[in-house]
Amino acid sequence: MSDAANATGSIDAGIGPDEELLTLSQAAKCLPKVDGRKVCNTTLWRWCRLGLRGVSLQYVRVGRRLCTSRPALLRFFTTLSQLDRQVPPDTRAQPRTMKRRPITSRRRQRALAEADAVLERAGI
């Protein structure tokens with residue numbers, strides 16, 4: 001990891017005075033879409049306040065708003081990429097492939113009949 005990151009992955013260097021501040025909404029618009037969906041500004045808020053895998057997005061508070069910068073976003077994603085290289089690929093989280101079976105009318109009717117039987121046994 002670089003000098004700016006400590007052992008836990010959080011970044012020590014703050015946002016510099018020469019960096020242009022972006023609100024989280026503006027920063028979200030700068031990011032590419034993931035799976036066809038844009039990144040929500042709430043996600044950026046969570047990255048600032050709670051972090052992601054031990055790495056926090058740098059921010060400054062301007063009044064009631066949290067602001068970050070393009071270089072801070074780059075440092076955040078670079079640090080996450082460095083962490084990815086340290087973890088063997090087979091131990092990384094795998095995407096869920098389990099798909100739900102659609103509820104057919106027969107399955108729905110069976111579930112309703114089972115619920116009615118349970119209620120009847122309970123005397124309700």
# chains A, B, ... in the order shown; residues from 1 in each chain; ligands from 1
$ residues_around --residues "Arg70 in chain A" --least-positions-apart "6" --cutoff "12 Å" --atoms "only C-alpha atoms" --output "tab-separated table (two decimals) with C-alpha atoms, in the first residue's frame"
chain	number	residue	atom	x	y	z
A	15	ILE	CA	-8.63	16.37	0.92
A	16	GLY	CA	-6.17	19.06	-0.05
A	18	ASP	CA	-6.29	22.66	-4.08
A	19	GLU	CA	-8.85	19.91	-4.77
A	20	GLU	CA	-12.21	20.97	-6.19
A	21	LEU	CA	-15.02	19.91	-3.88
A	22	LEU	CA	-17.99	17.96	-5.19
A	23	THR	CA	-21.20	17.28	-3.34
A	24	LEU	CA	-22.01	13.60	-3.07
A	26	GLN	CA	-22.20	15.59	-8.11
A	27	ALA	CA	-19.66	12.87	-7.33
A	28	ALA	CA	-22.25	10.16	-8.01
A	29	LYS	CA	-22.85	11.62	-11.47
A	30	CYS	CA	-19.10	11.40	-12.20
A	31	LEU	CA	-18.99	7.66	-11.59
A	57	LEU	CA	-13.92	7.73	1.17
A	58	GLN	CA	-12.36	11.03	2.22
A	59	TYR	CA	-14.78	13.88	2.73
A	76	PHE	CA	-10.53	5.38	-2.55
A	77	PHE	CA	-10.89	3.12	-5.59
$ select_by_dssp --residues "chain A" --states "strand (DSSP E)" --output "number ranges by chain"
A: 22-23, 60-62, 65-68
$ closest_residue --among "A:Lys38, A:Ala113, A:Arg121, A:Cys48" --to "Ser69 in chain A" --atoms "only C-alpha atoms"
A:Cys48
$ select_by_dssp --residues "chain A" --states "helix (DSSP H, G or I)" --output "ChimeraX atom specification"
/A:24-30,41-49,70-86,89-91,105-122
$ closest_residue --among "A:Arg108, A:Pro88, A:Gly14, A:Ala115" --to "Leu73 in chain A" --atoms "only C-alpha atoms"
A:Gly14
$ atom_distance --atom1 "CA of Gly36 in chain A" --atom2 "CA of Ile103 in chain A"
26.7 Å
$ atom_distance --atom1 "CA of Gly54 in chain A" --atom2 "CA of Asp35 in chain A"
23.8 Å
$ atom_distance --atom1 "CA of Ser25 in chain A" --atom2 "CA of Cys67 in chain A"
9.1 Å
$ closest_residue --among "A:Pro17, A:Pro102, A:Arg37, A:Gln109" --to "Val60 in chain A" --atoms "only C-alpha atoms"
A:Pro17
